[in-house]
$ cat coords30.cif   # mmCIF, C-alpha atoms
data_model
#
loop_
_atom_site.label_atom_id
_atom_site.label_comp_id
_atom_site.auth_asym_id
_atom_site.auth_seq_id
_atom_site.Cartn_x
_atom_site.Cartn_y
_atom_site.Cartn_z
CA MET T 1 -17.42 22.79 62.98
CA PHE T 2 -20.99 23.67 63.64
CA ALA T 3 -20.02 27.05 65.14
CA SER T 4 -18.07 28.01 61.99
CA SER T 5 -20.89 27.00 59.64
CA THR T 6 -23.31 29.05 61.73
CA VAL T 7 -20.98 32.04 61.66
CA THR T 8 -20.53 31.66 57.91
CA ARG T 9 -24.25 31.41 57.36
CA GLY T 10 -24.82 34.35 59.67
CA LEU T 11 -22.27 36.55 57.87
CA SER T 12 -23.71 35.54 54.52
CA ARG T 13 -27.15 36.57 55.72
CA CYS T 14 -25.84 39.94 56.90
CA PHE T 15 -24.39 40.69 53.48
CA ASN T 16 -27.48 39.39 51.68
CA ARG T 17 -30.07 40.75 54.08
CA ARG T 18 -31.39 43.25 51.59
CA PHE T 19 -31.92 40.44 49.06
CA LEU T 20 -34.12 38.24 51.24
CA ALA T 21 -36.96 36.91 49.09
CA SER T 22 -39.46 37.06 51.95
CA GLN T 23 -39.14 40.87 51.98
CA ALA T 24 -41.33 40.85 48.86
CA TYR T 25 -44.16 39.72 51.14
CA ILE T 26 -43.16 41.62 54.31
CA ARG T 27 -42.89 44.93 52.42
CA PRO T 28 -44.95 44.29 49.29
CA THR T 29 -44.89 46.52 46.24
CA PRO T 30 -48.41 47.48 45.11
CA ASN T 31 -49.70 45.50 42.12
CA ASP T 32 -46.69 43.20 42.12
CA ALA T 33 -47.72 40.11 40.15
CA ALA T 34 -45.14 37.99 41.96
CA THR T 35 -46.88 38.45 45.31
CA SER T 36 -50.50 38.92 44.29
CA THR T 37 -51.25 36.47 41.48
CA THR T 38 -50.95 32.75 40.94
CA PRO T 39 -49.94 31.02 37.67
CA SER T 40 -52.82 29.79 35.55
CA ASN T 41 -50.72 27.84 33.03
CA ILE T 42 -49.68 24.98 35.31
CA THR T 43 -51.17 21.52 34.86
CA LEU T 44 -53.71 20.05 37.27
CA GLU T 45 -51.05 17.76 38.72
CA GLN T 46 -48.68 20.66 39.28
CA HIS T 47 -51.45 22.68 40.91
CA ALA T 48 -52.26 19.76 43.20
CA ALA T 49 -48.57 19.47 44.08
CA LEU T 50 -48.35 23.22 44.78
CA ASP T 51 -51.53 23.04 46.85
CA SER T 52 -50.31 20.21 49.08
CA ALA T 53 -46.78 21.66 49.33
CA LEU T 54 -47.92 25.08 50.52
CA ARG T 55 -50.52 23.52 52.80
CA VAL T 56 -47.82 21.50 54.55
CA ASP T 57 -45.49 24.51 54.70
CA HIS T 58 -48.18 26.66 56.25
CA ALA T 59 -49.10 23.98 58.78
CA GLY T 60 -45.42 23.44 59.55
CA GLU T 61 -44.87 27.10 60.31
CA VAL T 62 -47.96 27.16 62.54
CA ALA T 63 -46.68 24.10 64.41
CA ALA T 64 -43.15 25.57 64.69
CA ASN T 65 -44.59 28.78 66.16
CA TRP T 66 -46.48 26.80 68.78
CA ILE T 67 -43.48 24.59 69.58
CA TYR T 68 -41.43 27.69 70.38
CA ARG T 69 -44.40 29.15 72.27
CA GLY T 70 -44.48 25.99 74.40
CA GLN T 71 -40.73 26.10 74.97
CA HIS T 72 -40.89 29.79 75.83
CA PHE T 73 -43.73 29.14 78.27
CA VAL T 74 -41.43 26.89 80.31
CA LEU T 75 -37.94 28.23 79.63
CA GLY T 76 -38.63 31.82 78.61
CA LYS T 77 -37.38 33.31 81.88
CA GLN T 78 -34.06 31.46 81.86
CA PRO T 79 -31.28 33.92 80.96
CA ASP T 80 -29.15 31.46 78.96
CA VAL T 81 -31.78 29.90 76.72
CA GLY T 82 -34.82 32.22 76.96
CA PRO T 83 -33.57 34.94 74.56
CA LEU T 84 -32.38 32.24 72.14
CA ILE T 85 -35.82 30.63 72.00
CA GLN T 86 -37.40 34.08 71.62
CA GLU T 87 -35.11 34.88 68.67
CA MET T 88 -35.91 31.64 66.86
CA TRP T 89 -39.61 32.12 67.60
CA ASP T 90 -39.51 35.65 66.12
CA GLN T 91 -38.05 34.21 62.92
CA GLU T 92 -40.82 31.60 62.75
CA LYS T 93 -43.42 34.34 63.21
CA LYS T 94 -41.99 36.04 60.13
CA HIS T 95 -42.15 32.74 58.22
CA LEU T 96 -45.78 32.30 59.22
CA ALA T 97 -46.70 35.83 58.13
CA VAL T 98 -45.24 35.10 54.68
CA MET T 99 -46.95 31.71 54.47
CA ASP T 100 -50.30 33.28 55.36
CA LYS T 101 -49.94 35.63 52.40
CA MET T 102 -48.83 32.87 50.05
CA GLN T 103 -51.77 30.73 51.07
CA ILE T 104 -54.18 33.49 50.02
CA GLN T 105 -52.18 34.38 46.89
CA HIS T 106 -52.08 30.84 45.51
CA ARG T 107 -55.61 29.95 46.72
CA ILE T 108 -54.39 27.10 48.87
CA ARG T 109 -56.74 25.21 51.11
CA PRO T 110 -55.30 25.32 54.64
CA THR T 111 -55.13 22.06 56.52
CA ILE T 112 -58.18 21.17 58.55
CA LEU T 113 -55.80 19.81 61.18
CA ILE T 114 -54.55 23.30 62.03
CA GLU T 115 -55.85 23.26 65.61
CA ALA T 116 -54.28 19.84 66.15
CA ALA T 117 -50.99 21.28 64.84
CA LYS T 118 -51.20 24.08 67.44
CA ILE T 119 -52.04 21.76 70.33
CA GLY T 120 -49.45 19.20 69.27
CA GLY T 121 -46.80 21.87 68.76
CA PHE T 122 -47.39 23.53 72.11
CA GLY T 123 -47.47 20.17 73.87
CA LEU T 124 -44.24 19.04 72.25
CA GLY T 125 -42.47 22.30 73.03
CA ALA T 126 -43.65 22.44 76.64
CA VAL T 127 -43.00 18.78 77.43
CA THR T 128 -39.48 18.80 75.99
CA ALA T 129 -38.77 22.08 77.77
CA LEU T 130 -39.91 20.53 81.07
CA MET T 131 -37.39 17.74 80.45
CA GLY T 132 -34.67 20.36 80.39
CA LYS T 133 -33.09 22.88 78.06
CA GLU T 134 -31.00 20.19 76.34
CA ALA T 135 -34.17 18.23 75.58
CA ALA T 136 -35.78 21.41 74.22
CA MET T 137 -32.77 21.90 71.95
CA ALA T 138 -32.95 18.23 70.91
CA CYS T 139 -36.59 18.75 69.96
CA THR T 140 -35.61 21.80 67.89
CA GLU T 141 -32.77 19.81 66.29
CA ALA T 142 -35.10 16.94 65.32
CA VAL T 143 -37.89 19.17 64.00
CA GLU T 144 -35.57 21.44 62.02
CA THR T 145 -33.81 18.42 60.49
CA VAL T 146 -37.09 17.07 59.14
CA ILE T 147 -38.28 20.50 57.99
CA GLY T 148 -34.95 21.26 56.28
CA GLU T 149 -35.13 17.97 54.34
CA HIS T 150 -38.76 18.62 53.51
CA TYR T 151 -38.01 22.07 52.05
CA ASP T 152 -35.19 20.51 50.03
CA ASP T 153 -37.57 17.91 48.56
CA GLN T 154 -40.03 20.68 47.69
CA LEU T 155 -37.34 22.65 45.87
CA LYS T 156 -36.62 19.60 43.72
CA GLU T 157 -40.34 19.23 42.97
CA MET T 158 -40.66 22.93 42.12
CA GLU T 159 -37.94 22.67 39.48
CA SER T 160 -40.55 21.26 37.10
CA PHE T 161 -42.88 24.26 37.54
CA PRO T 162 -42.84 26.75 34.65
CA SER T 163 -40.85 29.86 35.56
CA ASP T 164 -42.58 32.31 33.24
CA HIS T 165 -44.96 33.48 35.97
CA PRO T 166 -43.01 35.71 38.43
CA SER T 167 -44.52 34.07 41.52
CA ILE T 168 -42.78 30.74 40.88
CA PRO T 169 -39.15 31.94 41.01
CA LEU T 170 -40.08 34.01 44.07
CA LEU T 171 -41.65 30.93 45.68
CA ARG T 172 -38.45 28.97 45.10
CA GLU T 173 -36.35 31.75 46.65
CA VAL T 174 -38.65 31.98 49.66
CA VAL T 175 -38.49 28.22 50.22
CA LYS T 176 -34.67 28.34 49.94
CA GLU T 177 -34.52 31.19 52.44
CA PHE T 178 -36.78 29.38 54.90
CA ARG T 179 -34.81 26.16 54.48
CA ASP T 180 -31.62 28.03 55.35
CA ASP T 181 -33.30 29.62 58.37
CA GLU T 182 -34.46 26.22 59.65
CA LEU T 183 -31.00 24.75 59.18
CA GLU T 184 -29.59 27.71 61.11
CA HIS T 185 -31.95 26.83 63.97
CA LEU T 186 -30.68 23.27 63.76
CA ASP T 187 -27.10 24.52 64.09
CA ILE T 188 -28.06 26.70 67.04
CA ALA T 189 -29.73 23.74 68.74
CA VAL T 190 -26.64 21.56 68.27
CA ILE T 191 -24.31 24.30 69.55
CA ASN T 192 -26.54 24.60 72.61
CA HIS T 193 -25.98 20.99 73.64
CA ALA T 194 -28.97 19.29 71.99
CA GLN T 195 -27.01 16.08 71.86
CA ARG T 196 -26.57 16.05 75.64
CA ALA T 197 -30.32 15.62 76.07
CA PRO T 198 -31.43 12.52 77.97
CA ALA T 199 -32.20 9.65 75.57
CA HIS T 200 -31.24 11.93 72.68
CA ALA T 201 -31.45 9.22 70.02
CA LEU T 202 -34.88 8.04 71.16
CA LEU T 203 -36.21 11.58 71.55
CA SER T 204 -34.94 12.61 68.10
CA THR T 205 -36.40 9.51 66.48
CA VAL T 206 -39.82 9.94 68.08
CA VAL T 207 -40.01 13.67 67.28
CA GLY T 208 -38.72 13.11 63.73
CA MET T 209 -41.26 10.33 63.06
CA GLY T 210 -44.04 12.49 64.48
CA CYS T 211 -43.08 15.33 62.13
CA LYS T 212 -43.08 13.01 59.11
CA VAL T 213 -46.51 11.63 60.01
CA ALA T 214 -47.80 15.18 60.47
CA ILE T 215 -46.41 16.17 57.05
CA GLU T 216 -48.17 13.25 55.34
CA LEU T 217 -51.46 14.02 57.10
CA CYS T 218 -51.33 17.73 56.24
CA LYS T 219 -50.61 16.93 52.56
CA ARG T 220 -53.95 15.14 52.36
CA PHE T 221 -56.15 16.85 54.94
CA MET K 1 -52.18 20.37 23.75
CA SER K 2 -52.69 18.44 20.49
CA ALA K 3 -54.75 19.81 17.59
CA SER K 4 -57.52 17.26 18.16
CA SER K 5 -57.90 18.07 21.84
CA LEU K 6 -57.90 21.79 20.98
CA LYS K 7 -60.71 21.15 18.52
CA ARG K 8 -62.60 19.15 21.15
CA THR K 9 -62.22 21.99 23.64
CA GLN K 10 -63.42 24.46 21.00
CA LEU K 11 -66.48 22.33 20.17
CA LEU K 12 -67.31 21.95 23.85
CA LYS K 13 -67.11 25.70 24.39
CA ILE K 14 -69.44 26.29 21.42
CA ALA K 15 -71.81 23.61 22.70
CA THR K 16 -72.16 25.41 26.06
CA SER K 17 -73.53 28.42 24.19
CA LEU K 18 -76.11 26.15 22.51
CA VAL K 19 -77.43 24.84 25.83
CA LYS K 20 -80.03 27.62 26.08
CA THR K 21 -81.65 26.45 22.82
CA HIS K 22 -80.93 22.72 22.81
CA GLY K 23 -80.49 21.87 26.48
CA PHE K 24 -77.79 19.61 27.86
CA THR K 25 -78.15 17.15 25.01
CA ARG K 26 -76.04 15.24 22.58
CA GLU K 27 -77.71 17.34 19.89
CA ALA K 28 -76.09 20.50 21.30
CA LEU K 29 -72.72 18.76 21.07
CA ALA K 30 -73.45 17.52 17.56
CA ARG K 31 -74.50 20.96 16.32
CA SER K 32 -71.48 22.73 17.83
CA VAL K 33 -69.46 21.92 14.69
CA LEU K 34 -71.81 24.11 12.64
CA TYR K 35 -70.64 27.16 14.59
CA LEU K 36 -66.90 26.70 14.24
CA PRO K 37 -65.31 30.03 13.18
CA ASN K 38 -64.32 28.84 9.69
CA GLN K 39 -67.69 27.21 9.00
CA LYS K 40 -70.70 28.97 7.56
CA HIS K 41 -73.69 28.62 9.85
CA VAL K 42 -76.04 26.17 8.17
CA GLU K 43 -79.47 25.09 9.27
CA SER K 44 -80.46 22.88 6.39
CA LYS K 45 -78.73 19.97 4.77
CA GLN K 46 -79.69 21.36 1.37
CA ASP K 47 -77.60 24.52 1.78
CA ASN K 48 -74.25 22.81 2.16
CA GLU K 49 -73.78 19.07 2.07
CA ASP K 50 -70.31 19.36 3.71
CA CYS K 51 -71.53 21.21 6.81
CA GLN K 52 -73.54 18.83 8.92
CA PRO K 53 -73.84 18.19 12.62
CA LEU K 54 -71.50 15.59 14.06
CA SER K 55 -72.72 12.03 13.80
CA ASP K 56 -73.67 10.14 16.94
CA THR K 57 -70.51 8.07 16.60
CA ALA K 58 -68.39 11.22 16.41
CA VAL K 59 -70.09 12.69 19.49
CA SER K 60 -69.49 9.43 21.35
CA SER K 61 -65.85 9.24 20.38
CA LEU K 62 -65.22 12.91 21.29
CA PHE K 63 -67.33 13.33 24.40
CA GLY K 64 -68.36 9.86 25.60
CA PHE K 65 -71.13 7.37 25.07
CA GLY K 66 -74.75 7.93 26.07
CA ASP K 67 -75.19 10.21 29.07
CA ALA K 68 -71.43 10.53 29.56
CA ALA K 69 -71.42 13.07 26.72
CA ARG K 70 -74.21 15.03 28.40
CA THR K 71 -72.31 14.95 31.69
CA THR K 72 -69.23 16.31 29.89
CA LEU K 73 -71.35 19.15 28.51
CA ILE K 74 -72.84 19.91 31.93
CA HIS K 75 -69.37 20.09 33.51
CA ALA K 76 -68.16 22.37 30.70
CA TRP K 77 -71.17 24.65 31.21
CA LEU K 78 -70.50 24.78 34.97
CA ASP K 79 -66.85 25.69 34.23
CA GLU K 80 -68.07 28.50 31.97
CA GLY K 81 -70.24 29.67 34.86
CA ILE K 82 -67.15 29.98 37.05
CA ASN K 83 -65.40 31.99 34.32
CA HIS K 84 -68.49 34.18 33.98
CA MET K 85 -68.25 35.08 37.68
CA SER K 86 -64.74 36.45 37.26
CA ASN K 87 -65.21 38.03 33.82
CA SER K 88 -68.14 40.23 34.83
CA SER K 89 -67.72 43.88 35.90
CA GLN K 90 -65.14 45.52 38.12
CA PRO K 91 -62.21 43.89 39.96
CA ALA K 92 -62.89 44.31 43.69
CA ARG K 93 -66.44 43.25 44.35
CA ASN K 94 -68.42 42.10 47.29
CA VAL K 95 -69.57 38.53 47.59
CA SER K 96 -73.21 39.50 47.00
CA ASP K 97 -72.45 40.86 43.50
CA VAL K 98 -70.47 37.75 42.62
CA LEU K 99 -73.20 35.33 43.71
CA HIS K 100 -75.88 37.36 41.93
CA THR K 101 -73.76 37.18 38.77
CA ARG K 102 -73.61 33.42 39.10
CA LEU K 103 -77.38 33.16 39.57
CA ASP K 104 -77.78 35.26 36.40
CA TRP K 105 -75.77 32.63 34.52
CA ASN K 106 -78.46 30.05 35.33
CA GLU K 107 -81.37 32.10 34.01
CA PRO K 108 -81.26 31.22 30.27
CA VAL K 109 -81.16 27.48 31.04
CA LEU K 110 -83.37 27.18 34.12
CA GLY K 111 -85.72 24.71 32.45
CA TYR K 112 -82.90 22.30 31.74
CA LEU K 113 -81.10 22.55 35.10
CA PRO K 114 -83.15 20.11 37.23
CA GLU K 115 -82.51 17.29 34.78
CA ALA K 116 -78.86 18.28 34.49
CA PHE K 117 -78.33 18.21 38.26
CA ALA K 118 -80.22 14.92 38.49
CA LEU K 119 -77.92 13.46 35.84
CA LEU K 120 -74.82 14.61 37.74
CA SER K 121 -76.17 13.07 40.94
CA THR K 122 -76.75 9.68 39.35
CA PRO K 123 -74.43 7.34 41.20
CA ASN K 124 -71.94 5.22 39.31
CA PRO K 125 -72.77 1.54 39.50
CA SER K 126 -70.88 0.29 42.51
CA TRP K 127 -71.19 -2.06 45.40
CA LEU K 128 -72.44 0.88 47.52
CA SER K 129 -75.72 0.94 45.52
CA LEU K 130 -76.56 4.47 46.59
CA GLN K 131 -79.69 6.02 45.16
CA PHE K 132 -78.10 9.43 45.00
CA ASP K 133 -74.50 10.67 44.81
CA PRO K 134 -74.18 13.92 46.81
CA LEU K 135 -70.55 14.58 45.87
CA PRO K 136 -71.15 16.42 42.56
CA ALA K 137 -73.59 18.80 44.27
CA LEU K 138 -71.12 19.47 47.08
CA LYS K 139 -68.26 20.02 44.62
CA HIS K 140 -70.42 22.41 42.57
CA ALA K 141 -71.35 24.45 45.65
CA HIS K 142 -67.76 24.44 46.92
CA ARG K 143 -66.32 25.67 43.60
CA ILE K 144 -68.73 28.56 43.47
CA ALA K 145 -68.15 29.43 47.14
CA ASP K 146 -64.37 29.31 46.70
CA GLU K 147 -64.49 31.47 43.58
CA ALA K 148 -66.85 33.96 45.27
CA ALA K 149 -64.56 34.20 48.30
CA TYR K 150 -61.51 34.71 46.07
CA LEU K 151 -63.16 37.37 43.91
CA SER K 152 -64.36 39.27 46.98
CA MET K 153 -60.73 39.34 48.29
CA ASP K 154 -61.52 37.18 51.27
CA THR K 155 -58.51 36.85 53.59
CA SER K 156 -59.86 34.23 55.99
CA ARG K 157 -57.24 31.91 57.37
CA GLU K 158 -57.16 28.55 59.12
CA LEU K 159 -60.58 27.27 60.17
CA ALA K 160 -62.25 30.58 59.28
CA TRP K 161 -61.40 29.71 55.64
CA TYR K 162 -63.59 26.62 55.90
CA ALA K 163 -66.35 28.40 57.83
CA ARG K 164 -66.54 31.12 55.17
CA ARG K 165 -66.76 28.67 52.28
CA ILE K 166 -69.23 26.35 53.98
CA SER K 167 -71.42 29.36 54.72
CA LEU K 168 -71.24 30.66 51.14
CA ALA K 169 -71.83 27.19 49.68
CA GLY K 170 -74.91 26.73 51.84
CA ILE K 171 -76.26 30.18 50.94
CA TYR K 172 -75.67 29.72 47.21
CA SER K 173 -77.12 26.18 47.16
CA ALA K 174 -80.27 27.36 48.91
CA ALA K 175 -80.60 30.31 46.52
CA GLU K 176 -80.06 28.10 43.47
CA LEU K 177 -82.66 25.57 44.61
CA HIS K 178 -85.06 28.46 45.24
CA GLN K 179 -84.32 29.76 41.75
CA LEU K 180 -85.39 26.46 40.19
CA THR K 181 -88.86 26.75 41.75
CA SER K 182 -89.32 30.52 41.90
CA PRO K 183 -86.93 32.33 39.54
CA SER K 184 -88.43 35.80 40.08
CA THR K 185 -87.68 35.85 43.81
CA ALA K 186 -84.30 34.14 43.70
CA HIS K 187 -82.20 37.30 43.91
CA SER K 188 -84.12 38.74 46.85
CA PHE K 189 -83.94 35.34 48.58
CA LEU K 190 -80.15 35.37 48.11
CA ASP K 191 -79.98 38.89 49.59
CA SER K 192 -81.97 37.81 52.64
CA LEU K 193 -79.70 34.81 53.21
CA LEU K 194 -76.56 36.96 52.91
CA THR K 195 -77.96 39.55 55.35
CA GLY K 196 -78.86 36.83 57.85
CA SER K 197 -75.45 35.23 57.53
CA SER K 198 -73.53 38.47 58.09
CA SER K 199 -75.62 39.29 61.17
CA LEU K 200 -74.95 35.78 62.53
CA GLU K 201 -71.23 36.21 61.84
CA GLN K 202 -71.27 39.52 63.71
CA LYS K 203 -73.02 37.98 66.70
CA LEU K 204 -70.53 35.09 66.78
CA GLY K 205 -67.71 37.64 66.65
CA ASP K 206 -69.24 39.51 69.60
CA VAL K 207 -69.51 36.26 71.58
CA MET K 208 -65.84 35.44 70.85
CA LEU K 209 -64.78 38.95 71.91
CA TYR K 210 -66.75 38.72 75.15
CA SER K 211 -65.29 35.28 75.88
CA ASP K 212 -61.82 36.69 75.30
CA TYR K 213 -62.47 39.52 77.80
CA VAL K 214 -63.73 37.04 80.39
CA TYR K 215 -60.68 34.81 79.86
CA LYS K 216 -58.24 37.74 80.17
CA SER K 217 -60.04 39.02 83.25
CA TRP K 218 -59.76 35.68 85.00
CA LYS K 219 -56.14 35.31 83.93
CA GLY K 220 -55.42 38.74 85.45
CA ILE K 221 -57.24 37.85 88.66
CA LEU K 222 -55.35 34.57 89.03
CA LYS K 223 -52.02 36.29 88.33
CA SER K 224 -52.71 39.00 90.89
CA ARG K 225 -53.42 36.29 93.49
CA GLY K 226 -50.14 34.57 92.61
CA MET K 227 -51.85 31.47 91.34
CA LEU K 228 -50.35 31.83 87.85
#
$ encode --input "coords30.cif" --output "structure tokens"
Amino acid sequence: MFASSTVTRGLSRCFNRRFLASQAYIRPTPNDAATSTTPSNITLEQHAALDSALRVDHAGEVAANWIYRGQHFVLGKQPDVGPLIQEMWDQEKKHLAVMDKMQIQHRIRPTILIEAAKIGGFGLGAVTALMGKEAAMACTEAVETVIGEHYDDQLKEMESFPSDHPSIPLLREVVKEFRDDELEHLDIAVINHAQRAPAHALLSTVVGMGCKVAIELCKRF
Amino acid sequence: MSASSLKRTQLLKIATSLVKTHGFTREALARSVLYLPNQKHVESKQDNEDCQPLSDTAVSSLFGFGDAARTTLIHAWLDEGINHMSNSSQPARNVSDVLHTRLDWNEPVLGYLPEAFALLSTPNPSWLSLQFDPLPALKHAHRIADEAAYLSMDTSRELAWYARRISLAGIYSAAELHQLTSPSTAHSFLDSLLTGSSSLEQKLGDVMLYSDYVYKSWKGILKSRGML
């Protein structure tokens, strides 16, 4: 079931690769208002919501990068799981590059807890990888579950933003694309025996709760 | 936005242009109505009985009672200062030009600024009973620093974002305080602070680079000995 949904998602991405919203940031067009300006007609509350949303997203991508860095540090040389972790890490690097540009474009204050996100991410990735590759996959499964839900909640919140400025529809498409990528990682983790990890339920709960606490902290700080 | 709040915004904008002649006073707010686009400018009551400054009650109901109205005017003037930074001259500028532009905004009202800042720093009555509220000053400096960084196309990320803005806020605050006591030397003082800051930044960058080399060297040594 999971394998077929991954294949379907993968095929869909192949056909739609040239329509990926993030390409607007990876290969920007000069003087494109969608990637270089921020809307000025949103209310103060909407701006605060956009500010905290993008701050959390940016911090999340930094943490995800460091989780995979930690996992790669321990398991990178293993032939069965090393290339898989590398591939997911490369995708997170792309996410982070886009988030860096969006942070500057929309004048978002980055979280002051960024160094803690790096240390925490690396520690989580390395420790779960030391527990075994199934535990590493369980960590990925738990993190990507929380992130996928979080991106979904943001999309609902962004529905109220005015769409007349071109950056807002692009932002929604980028968030959708990243949500789908994270859910793909979740599928990959499950296919690679995440649920065989020792104390899977406990590990998933602890990692999931940690992610939710981190999200709330980054929204404010 | 309703018609009444549009009118209020319009009056407030006009009042900010009257600050250089009337200061941050309720009188500036009251007289703003005389300069509405569809009103003839009137100085004397005899010229037109219908065109008079707003009454004290009207000023209170629109902008707040007592000093609250003055605080509203001060905040509106500070907002206009931020707009002035972005409206002046060419698009891609360096941070020095932007901060100089902001200092220029202060010049017509320098005599009124100390009292205005003191009014903003008056703490609200609270159980903390502080003599002085530093938050408005910090917010003022931060807004200007953030706008200056944005207009100069700053691309700092993560903690460098904070370092850049704290540095600019400190520089601007020092220059503005200097301007209140010695307006003629304010711009050169700002230049000296900016030069000192960029040289410090360069030295810190050199230290970081050197530390990186040392770290990589040791990592290489440990790897070659099989310890890593």
$ resolve_selection --input "coords30.cif" --expression "the PyMOL selection byres ((chain T) within 9 of (chain K))" --output "short mmCIF file (atom, residue, chain, number, x, y, z; two decimals) with C-alpha atoms, in the coordinates of the input"
data_model
loop_
_atom_site.label_atom_id
_atom_site.label_comp_id
_atom_site.auth_asym_id
_atom_site.auth_seq_id
_atom_site.Cartn_x
_atom_site.Cartn_y
_atom_site.Cartn_z
CA ASP T 100 -50.30 33.28 55.36
CA LYS T 101 -49.94 35.63 52.40
CA GLN T 103 -51.77 30.73 51.07
CA ILE T 104 -54.18 33.49 50.02
CA ARG T 107 -55.61 29.95 46.72
CA ARG T 109 -56.74 25.21 51.11
CA PRO T 110 -55.30 25.32 54.64
CA THR T 111 -55.13 22.06 56.52
CA ILE T 112 -58.18 21.17 58.55
CA LEU T 113 -55.80 19.81 61.18
CA ILE T 114 -54.55 23.30 62.03
CA GLU T 115 -55.85 23.26 65.61
#
$ resolve_selection --input "coords30.cif" --expression "the PyMOL selection byres ((chain K and resi 98-108) around 7)" --output "list in words"
Lys20, Gly81, Met85, Asn94, Val95, Ser96, Asp97, Val109, Leu110, Ala148, Glu176 and His187 of chain K
$ resolve_selection --input "coords30.cif" --expression "the PyMOL selection byres ((chain K and resi 54) around 12)" --output "PDB file with C-alpha atoms, in the coordinates of the input"
ATOM      1  CA  ARG K   8     -62.600  19.150  21.150  1.00  0.00           C
ATOM      2  CA  LEU K  11     -66.480  22.330  20.170  1.00  0.00           C
ATOM      3  CA  ALA K  15     -71.810  23.610  22.700  1.00  0.00           C
ATOM      4  CA  ARG K  26     -76.040  15.240  22.580  1.00  0.00           C
ATOM      5  CA  GLU K  27     -77.710  17.340  19.890  1.00  0.00           C
ATOM      6  CA  ALA K  28     -76.090  20.500  21.300  1.00  0.00           C
ATOM      7  CA  LEU K  29     -72.720  18.760  21.070  1.00  0.00           C
ATOM      8  CA  ALA K  30     -73.450  17.520  17.560  1.00  0.00           C
ATOM      9  CA  ARG K  31     -74.500  20.960  16.320  1.00  0.00           C
ATOM     10  CA  SER K  32     -71.480  22.730  17.830  1.00  0.00           C
ATOM     11  CA  VAL K  33     -69.460  21.920  14.690  1.00  0.00           C
ATOM     12  CA  LEU K  34     -71.810  24.110  12.640  1.00  0.00           C
ATOM     13  CA  TYR K  35     -70.640  27.160  14.590  1.00  0.00           C
ATOM     14  CA  ASP K  50     -70.310  19.360   3.710  1.00  0.00           C
ATOM     15  CA  CYS K  51     -71.530  21.210   6.810  1.00  0.00           C
ATOM     16  CA  GLN K  52     -73.540  18.830   8.920  1.00  0.00           C
ATOM     17  CA  PRO K  53     -73.840  18.190  12.620  1.00  0.00           C
ATOM     18  CA  SER K  55     -72.720  12.030  13.800  1.00  0.00           C
ATOM     19  CA  ASP K  56     -73.670  10.140  16.940  1.00  0.00           C
ATOM     20  CA  THR K  57     -70.510   8.070  16.600  1.00  0.00           C
ATOM     21  CA  ALA K  58     -68.390  11.220  16.410  1.00  0.00           C
ATOM     22  CA  VAL K  59     -70.090  12.690  19.490  1.00  0.00           C
ATOM     23  CA  SER K  60     -69.490   9.430  21.350  1.00  0.00           C
ATOM     24  CA  SER K  61     -65.850   9.240  20.380  1.00  0.00           C
ATOM     25  CA  LEU K  62     -65.220  12.910  21.290  1.00  0.00           C
ATOM     26  CA  PHE K  63     -67.330  13.330  24.400  1.00  0.00           C
TER      27      PHE K  63
END
$ atom_distance --input "coords30.cif" --atom1 "atom CA of Asp79 of chain K" --atom2 "atom CA of Val56 of chain T"
28.2 Å
$ residues_around --input "coords30.cif" --residues "segment 80-88 of chain T" --least-positions-apart "6" --cutoff "10 Å" --atoms "all atoms listed in the file" --output "MDAnalysis selection string"
chainID T and resid 64:65 68:69 71:74 133:134 136:137 140 181:182 184:185 188:189 192
$ atom_distance --input "coords30.cif" --atom1 "atom CA of Leu119 of chain K" --atom2 "atom CA of Ser88 of chain K"
28.5 Å
$ closest_residue --input "coords30.cif" --among "K:Tyr215, K:Tyr112, K:Phe24, K:Tyr210" --to "Ala76 of chain K" --atoms "only C-alpha atoms"
K:Phe24
$ residues_around --input "coords30.cif" --residues "Val190 of chain T" --least-positions-apart "3" --cutoff "12 Å" --atoms "all atoms listed in the file" --output "list in words"
Met1, Phe2, Ala3, Ser5, Thr6, Lys133, Glu134, Ala135, Ala136, Met137, Ala138, Cys139, Thr140, Glu141, Ala142, Glu144, Thr145, Leu183, Glu184, His185, Leu186, Asp187, His193, Ala194, Gln195, Arg196, Ala197 and His200 of chain T
$ residues_around --input "coords30.cif" --residues "Thr71 of chain K" --least-positions-apart "6" --cutoff "12 Å" --atoms "all atoms listed in the file" --output "PyMOL selection string"
chain K and resi 12+16+23-26+29+63-65+77-78+115-122+136
$ closest_residue --input "coords30.cif" --among "T:Ile26, T:Leu75, T:Leu54, T:Ile67" --to "Val98 of chain T" --atoms "all atoms listed in the file"
T:Ile26
$ residues_around --input "coords30.cif" --residues "Ser188 of chain K" --least-positions-apart "4" --cutoff "10 Å" --atoms "all atoms listed in the file" --output "list in words"
His100, Ala175, Ser184, Ser192, Leu193 and Leu194 of chain K
$ atom_distance --input "coords30.cif" --atom1 "atom CA of Pro39 of chain T" --atom2 "atom CA of Ser167 of chain T"
7.3 Å
$ closest_residue --input "coords30.cif" --among "T:Gly208, T:Pro169, T:Gly76, T:Pro198" --to "Ala33 of chain T" --atoms "all atoms listed in the file"
T:Pro169
$ residues_around --input "coords30.cif" --residues "His142 of chain K" --least-positions-apart "6" --cutoff "10 Å" --atoms "only C-alpha atoms" --output "compact mmCIF listing (two decimals) with C-alpha atoms, in the frame of the given file"
# COMPACT_ATOMS: atom_id res chain seq x y z
CA PRO K 136 -71.15 16.42 42.56
CA ALA K 148 -66.85 33.96 45.27
CA ARG K 165 -66.76 28.67 52.28
CA ILE K 166 -69.23 26.35 53.98
CA SER K 167 -71.42 29.36 54.72
CA LEU K 168 -71.24 30.66 51.14
CA ALA K 169 -71.83 27.19 49.68
CA GLY K 170 -74.91 26.73 51.84
CA TYR K 172 -75.67 29.72 47.21
CA SER K 173 -77.12 26.18 47.16
